[in-house]
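Written out below as structure tokens is the structure these notes cover.
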Amino acid sequence: MPTATPAAPHALEPRHVKFDWRHTPVQWLPGDAFATHTINVLHLLFPAGELWFCRVYNKVLPMVTDPQVRADAKGFMRQEALHARSHEGVLKHYCQTHGIDTQPFTDKIDHLFKHFLGEQPFGWKIGHTRFWIRQQLGTIAALEHFFGYLGNWVLNARGLDEAQADPVMLDLLRWHGAEEVEHRMVAYTLFKHMGGNYLERILHMLLVMVILLYLIHQGNRFMMQADPQRPPRRSFLLSWRRSAQAGRLPRLGHVIAAAARYFGPRFTPGDEGDTAQALAYLASSPAASAAQHGGSYRAH
Ligand SMILES: [Fe+2]
Ligand SMILES: [Fe+2]
């Protein structure tokens with residue numbers, strides 16, 4: 001993995017992208033249905049999750065007193081909104097083309113973000129309180145730490161290239177991953193700006209770790225069952241280990257170690273990932289160039 005380079009201050013701008021999903025096979029990682037559908041869980045989570053980020057940030061913006069933090073939060077929102085829309089495109093086109101109805105699963109995710117983490121958790125009308133806003137911002141910061149880690153992983157995951165992953169799907173993952181690396185400081189800085197403390201940080205990460213691992217496990221099962229090619233189901237942990245050894249998933253131990261780094265008192269997201277590498281990818285993303293020229297990125 002490359003050495004971390006800090007982000008030189010620059011304005012966060014979304015890069016418009018356009019993907020054509022017509023030729024992406026259901027198992028877009030040939031020969032590895034398990035890794036295909038583990039990564040596919042991200043498409044189930046991001047549309048609802050990242051739009052929830054935007055709703056929370058919209059609510060918080062008028063309370064932000066530092067102009068730089070506010071500008072970064074606005075850039076972050078614009079990037080996240082586009083990420084959500086692009087993953088929604090995967091659900092609409094790739095999943096539909098292959099006859100996979102994701103609604104039973106995405107309905108549950110919508111419920112999680114709209115109710116449990118929304119404005120009236122368990123019916124309590126606390127959405128406007130500084131306490132609840134801090135808990136929402138802290139949850140976003142913990143999630144963003146994971147996404148920054150995953151973004152850095154996907155940019156460097158040679159195993160995906162060696163497996164001849166579908167180039168359109170790989171570009172979506174790397175374009176999104178690169179913007180996650182680029183904006184990795186924003187959520188953590190805003191959480192601290194709004195008074196987030198160390199104890200809350202620990203609690204949010206513990207909660208996020210448990211929920212995320214649970215949803216990835218459940219989502220993988222859902223997608224494996226929905227796959228029209230009916231791949232055989234084997235032990236979750238053994239399958240993960242096999243895919244990780246081939247570099248098609250991050251090693252579980254590394255994911256847990258990344259979460260543990262968040263507990264360090266001197267933790268800063270700036271130490272994770274390489275901004276120069278992320279910007280270089282964004283400058284060469286095929287879907288970004290296709291959108292600039294009025295087309296969509298398709299592999300064939
Ligand atoms: Fe994102
Ligand atoms: Fe993000």
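Just remember, in the structure tokens the first chain shown is A, the second B, etc., residues are 1-based per chain, and ligands are 1-based in the order shown.
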
Residues contacting ligand 1 - anything with an atom at most 7 Å away, using only C-alpha atoms and all ligand atoms - can you give me those as a list in words?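 Those within range of ligand 1 are Glu50, Gln79, Glu80, His83, His176 and Glu180 of chain A.
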
With C-alpha atoms retained, export the selected residues as a PDB file, in the first residue's frame.
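Contents of the output file out_11.pdb:
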```pdb
ATOM      1  CA  GLU A  50     -25.384   8.440   1.478  1.00  0.00           C
ATOM      2  CA  GLN A  79     -20.086  14.043  -3.973  1.00  0.00           C
ATOM      3  CA  GLU A  80     -22.171  11.734  -1.764  1.00  0.00           C
ATOM      4  CA  HIS A  83     -22.391   8.347  -5.319  1.00  0.00           C
ATOM      5  CA  HIS A 176     -16.243   6.196  -5.660  1.00  0.00           C
ATOM      6  CA  GLU A 180     -13.883   8.675  -0.418  1.00  0.00           C
TER       7      GLU A 180
END
```

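Once A:Val56 and its same-chain neighbours fewer than 5 positions away are set aside, Glu50, Leu51, Leu61, Met77, Leu117, Gly118, Glu119, Gly127, Ile133, Gln136, Leu137 and Ile140 of chain A remain within 10 Å of it when counting only C-alpha atoms.
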
Residues of chain A that have any atom at most 10 Å from an atom of ligand 2: could you tabulate them with the shortest-distance atom pair and the distance in Å to one decimal, using only C-alpha atoms and all ligand atoms, ordered by chain and increasing number, as a tab-separated table?
```
residue	atom	partner	partner_atom_place_in_ligand_line	distance
A:Phe46	CA	ligand 2	1 (Fe)	9.8
A:Glu50	CA	ligand 2	1 (Fe)	7.6
A:Phe53	CA	ligand 2	1 (Fe)	8.7
A:Phe76	CA	ligand 2	1 (Fe)	7.0
A:Met77	CA	ligand 2	1 (Fe)	8.6
A:Gln79	CA	ligand 2	1 (Fe)	7.6
A:Glu80	CA	ligand 2	1 (Fe)	6.0
A:Ala81	CA	ligand 2	1 (Fe)	9.7
A:His83	CA	ligand 2	1 (Fe)	8.5
A:Ile140	CA	ligand 2	1 (Fe)	8.6
A:Ala141	CA	ligand 2	1 (Fe)	8.9
A:Leu143	CA	ligand 2	1 (Fe)	8.2
A:Glu144	CA	ligand 2	1 (Fe)	5.3
A:His145	CA	ligand 2	1 (Fe)	8.5
A:Phe146	CA	ligand 2	1 (Fe)	9.2
A:Phe147	CA	ligand 2	1 (Fe)	6.3
A:Gly148	CA	ligand 2	1 (Fe)	7.2
A:Gly151	CA	ligand 2	1 (Fe)	9.3
A:His176	CA	ligand 2	1 (Fe)	8.3
A:Gly177	CA	ligand 2	1 (Fe)	8.5
A:Ala178	CA	ligand 2	1 (Fe)	9.7
A:Glu179	CA	ligand 2	1 (Fe)	7.1
A:Glu180	CA	ligand 2	1 (Fe)	4.6
A:Val181	CA	ligand 2	1 (Fe)	8.0
A:Glu182	CA	ligand 2	1 (Fe)	8.7
A:His183	CA	ligand 2	1 (Fe)	6.5
A:Arg184	CA	ligand 2	1 (Fe)	6.7
A:Met185	CA	ligand 2	1 (Fe)	9.5
A:Val186	CA	ligand 2	1 (Fe)	8.5
A:Ala187	CA	ligand 2	1 (Fe)	8.0
```

Could those residues be written to a file, using C-alpha atoms, as a PDB file, in the first residue's frame?
```
ATOM      1  CA  PHE A  46     -25.062   3.336  -0.397  1.00  0.00           C
ATOM      2  CA  GLU A  50     -25.384   8.440   1.478  1.00  0.00           C
ATOM      3  CA  PHE A  53     -25.604  11.735   5.098  1.00  0.00           C
ATOM      4  CA  PHE A  76     -18.888  16.361   0.498  1.00  0.00           C
ATOM      5  CA  MET A  77     -22.687  16.427   0.127  1.00  0.00           C
ATOM      6  CA  GLN A  79     -20.086  14.043  -3.973  1.00  0.00           C
ATOM      7  CA  GLU A  80     -22.171  11.734  -1.764  1.00  0.00           C
ATOM      8  CA  ALA A  81     -25.391  12.577  -3.611  1.00  0.00           C
ATOM      9  CA  HIS A  83     -22.391   8.347  -5.319  1.00  0.00           C
ATOM     10  CA  ILE A 140     -21.264   9.275   9.674  1.00  0.00           C
ATOM     11  CA  ALA A 141     -17.628   9.897  10.699  1.00  0.00           C
ATOM     12  CA  LEU A 143     -18.787   5.023   8.499  1.00  0.00           C
ATOM     13  CA  GLU A 144     -16.616   7.393   6.495  1.00  0.00           C
ATOM     14  CA  HIS A 145     -13.529   5.967   8.156  1.00  0.00           C
ATOM     15  CA  PHE A 146     -14.553   2.551   6.786  1.00  0.00           C
ATOM     16  CA  PHE A 147     -15.326   3.962   3.352  1.00  0.00           C
ATOM     17  CA  GLY A 148     -11.961   5.761   3.237  1.00  0.00           C
ATOM     18  CA  GLY A 151     -11.577   3.301  -1.047  1.00  0.00           C
ATOM     19  CA  HIS A 176     -16.243   6.196  -5.660  1.00  0.00           C
ATOM     20  CA  GLY A 177     -13.312   4.883  -3.617  1.00  0.00           C
ATOM     21  CA  ALA A 178     -11.055   7.690  -4.860  1.00  0.00           C
ATOM     22  CA  GLU A 179     -13.567  10.389  -3.813  1.00  0.00           C
ATOM     23  CA  GLU A 180     -13.883   8.675  -0.418  1.00  0.00           C
ATOM     24  CA  VAL A 181     -10.105   8.944  -0.020  1.00  0.00           C
ATOM     25  CA  GLU A 182     -10.213  12.546  -1.239  1.00  0.00           C
ATOM     26  CA  HIS A 183     -12.863  13.663   1.264  1.00  0.00           C
ATOM     27  CA  ARG A 184     -11.824  11.404   4.157  1.00  0.00           C
ATOM     28  CA  MET A 185     -11.172  14.313   6.559  1.00  0.00           C
ATOM     29  CA  VAL A 186     -14.559  16.002   6.175  1.00  0.00           C
ATOM     30  CA  ALA A 187     -16.925  13.942   8.343  1.00  0.00           C
TER      31      ALA A 187
END
```

As a PyMOL selection string, please: the residues near A:His98 (cut-off 10 Å, only C-alpha atoms, same-chain neighbours under 6 positions excluded). chain A and resi 24-26+226-229

Name the residues in contact with A:Leu199 at a cut-off of 12 Å, using only C-alpha atoms, excluding same-chain residues fewer than 3 positions from it; report them as a ChimeraX atom specification. /A:135,138,195-196,202-206,262-265

Those selected residues, please, written with C-alpha atoms and delivered as a PDB file, in the first residue's frame.
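The result, written out as result_36.pdb:
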```pdb
ATOM      1  CA  GLN A 135     -24.633  11.128  17.355  1.00  0.00           C
ATOM      2  CA  GLY A 138     -20.341  10.659  14.756  1.00  0.00           C
ATOM      3  CA  GLY A 195     -18.331  19.079  19.835  1.00  0.00           C
ATOM      4  CA  GLY A 196     -17.955  15.335  19.271  1.00  0.00           C
ATOM      5  CA  ILE A 202     -15.602   4.863  20.505  1.00  0.00           C
ATOM      6  CA  LEU A 203     -19.305   4.088  20.878  1.00  0.00           C
ATOM      7  CA  HIS A 204     -20.104   5.104  17.301  1.00  0.00           C
ATOM      8  CA  MET A 205     -17.340   2.923  15.872  1.00  0.00           C
ATOM      9  CA  LEU A 206     -18.432  -0.090  17.946  1.00  0.00           C
ATOM     10  CA  TYR A 262     -10.149   4.808  14.961  1.00  0.00           C
ATOM     11  CA  PHE A 263      -9.836   4.214  18.717  1.00  0.00           C
ATOM     12  CA  GLY A 264      -6.376   5.777  18.875  1.00  0.00           C
ATOM     13  CA  PRO A 265      -6.446   9.064  20.826  1.00  0.00           C
TER      14      PRO A 265
END
```

Got a sec: who's within 8 Å of A:Arg248, counting only C-alpha atoms, leaving out chain neighbours fewer than 4 positions off, as a list in words? Ala35, Ala157, Gly159, Leu160, Ala163, Ser243 and Ala244 of chain A

Just to be explicit: take each residue in the selection above, keep N, CA and C atoms, and write the result as a PDB file, in the first residue's frame.
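Saved to out29.pdb:
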```pdb
ATOM      1  N   ALA A  35     -17.180 -13.079  -3.625  1.00  0.00           N
ATOM      2  CA  ALA A  35     -16.638 -11.711  -3.576  1.00  0.00           C
ATOM      3  C   ALA A  35     -17.530 -10.753  -4.374  1.00  0.00           C
ATOM      4  N   ALA A 157      -6.297  -2.754  -5.102  1.00  0.00           N
ATOM      5  CA  ALA A 157      -6.616  -4.187  -5.100  1.00  0.00           C
ATOM      6  C   ALA A 157      -6.270  -4.802  -6.454  1.00  0.00           C
ATOM      7  N   GLY A 159      -5.769  -7.763  -7.087  1.00  0.00           N
ATOM      8  CA  GLY A 159      -6.495  -9.019  -7.241  1.00  0.00           C
ATOM      9  C   GLY A 159      -7.740  -8.843  -8.104  1.00  0.00           C
ATOM     10  N   LEU A 160      -8.349  -7.663  -8.062  1.00  0.00           N
ATOM     11  CA  LEU A 160      -9.543  -7.420  -8.878  1.00  0.00           C
ATOM     12  C   LEU A 160      -9.163  -7.325 -10.354  1.00  0.00           C
ATOM     13  N   ALA A 163      -8.274 -10.836 -11.552  1.00  0.00           N
ATOM     14  CA  ALA A 163      -9.471 -11.680 -11.735  1.00  0.00           C
ATOM     15  C   ALA A 163     -10.273 -11.232 -12.958  1.00  0.00           C
ATOM     16  N   SER A 243     -11.338 -15.575  -0.819  1.00  0.00           N
ATOM     17  CA  SER A 243     -11.351 -14.405  -1.715  1.00  0.00           C
ATOM     18  C   SER A 243     -10.296 -13.386  -1.304  1.00  0.00           C
ATOM     19  N   ALA A 244     -10.105 -13.229   0.006  1.00  0.00           N
ATOM     20  CA  ALA A 244      -9.121 -12.243   0.487  1.00  0.00           C
ATOM     21  C   ALA A 244      -7.708 -12.689   0.130  1.00  0.00           C
TER      22      ALA A 244
END
```

Write out as a list in words each polymer residue whose atoms come within 9 Å of A:Leu82, counting only C-alpha atoms; drop sequence neighbours fewer than 6 positions from it.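 So the residues in contact are Pro14, Arg15, His16 and Val17 of chain A.
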
Extract the full set of helix (DSSP H, G or I) residues from stretch 54-258 of chain A according to DSSP on the backbone, and format it as a PyMOL selection string. chain A and resi 54-63+67-97+103-116+121-123+130-156+158-162+167-182+186-193+198-226+236-245+252-258

Set the distance at 12 Å and use only C-alpha atoms: which residues neighbour A:Met223 once local chain neighbours fewer than 2 positions away are removed? I'd like the list as JSON, numbers by chain. {"A": [26, 27, 33, 34, 35, 36, 37, 38, 39, 40, 41, 42, 43, 44, 91, 95, 98, 99, 100, 101, 102, 103, 104, 105, 106, 215, 216, 217, 218, 219, 220, 221, 225, 226, 227, 228, 229, 230, 231, 233]}

Would you mind exporting the chosen residues as a tab-separated table (two decimals), in the first residue's frame, restricted to C-alpha atoms?
```
chain	number	residue	atom	x	y	z
A	26	VAL	CA	-24.12	-11.03	-12.93
A	27	GLN	CA	-20.85	-12.46	-11.60
A	33	ALA	CA	-19.59	-15.27	-6.80
A	34	PHE	CA	-18.86	-14.79	-3.10
A	35	ALA	CA	-16.64	-11.71	-3.58
A	36	THR	CA	-18.97	-10.40	-6.33
A	37	HIS	CA	-21.95	-10.43	-3.99
A	38	THR	CA	-20.04	-9.26	-0.93
A	39	ILE	CA	-18.99	-6.14	-2.82
A	40	ASN	CA	-22.52	-5.91	-4.30
A	41	VAL	CA	-23.84	-5.32	-0.77
A	42	LEU	CA	-22.37	-1.83	-1.08
A	43	HIS	CA	-24.90	-1.07	-3.85
A	44	LEU	CA	-27.68	-2.04	-1.46
A	91	LEU	CA	-29.75	-1.51	-8.67
A	95	CYS	CA	-29.82	-6.00	-10.82
A	98	HIS	CA	-30.33	-10.12	-14.06
A	99	GLY	CA	-33.80	-10.45	-12.51
A	100	ILE	CA	-32.67	-9.60	-8.98
A	101	ASP	CA	-35.35	-7.80	-6.97
A	102	THR	CA	-33.44	-5.94	-4.26
A	103	GLN	CA	-36.43	-4.18	-2.72
A	104	PRO	CA	-36.98	-6.60	0.19
A	105	PHE	CA	-33.45	-5.81	1.37
A	106	THR	CA	-33.27	-2.10	0.48
A	215	LEU	CA	-25.45	-6.09	7.03
A	216	ILE	CA	-22.59	-7.33	4.84
A	217	HIS	CA	-23.25	-10.89	6.04
A	218	GLN	CA	-27.02	-10.62	5.51
A	219	GLY	CA	-26.68	-8.76	2.21
A	220	ASN	CA	-24.23	-11.34	0.87
A	221	ARG	CA	-26.70	-14.13	1.73
A	225	GLN	CA	-29.75	-16.50	-3.07
A	226	ALA	CA	-31.05	-14.03	-5.65
A	227	ASP	CA	-28.25	-14.77	-8.17
A	228	PRO	CA	-29.95	-16.52	-11.13
A	229	GLN	CA	-26.85	-18.73	-11.57
A	230	ARG	CA	-27.45	-20.15	-8.06
A	231	PRO	CA	-23.83	-20.26	-6.87
A	233	ARG	CA	-23.22	-21.49	-0.63
```

Using only C-alpha atoms, find the one residue out of A:Phe222, A:Tyr214, A:Phe19, A:Tyr198 that sits nearest to A:Ser289.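 Going through A:Phe222, A:Tyr214, A:Phe19, A:Tyr198 one by one, the smallest distance to A:Ser289 is for A:Phe19.
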
Please measure the separation of atom CA of A:Pro232 and atom CA of A:Arg298, giving the value in Å to one decimal.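 Separation between atom CA of A:Pro232 and atom CA of A:Arg298: 29.5 Å.
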
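Shortest atom-to-atom contact with A:Arg130 among A:Arg174, A:Arg241, A:Lys18, A:Lys59: A:Lys59, counting only C-alpha atoms.
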
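The space separating atom CA of A:Leu282 from atom CA of A:Thr97 comes to 28.0 Å.
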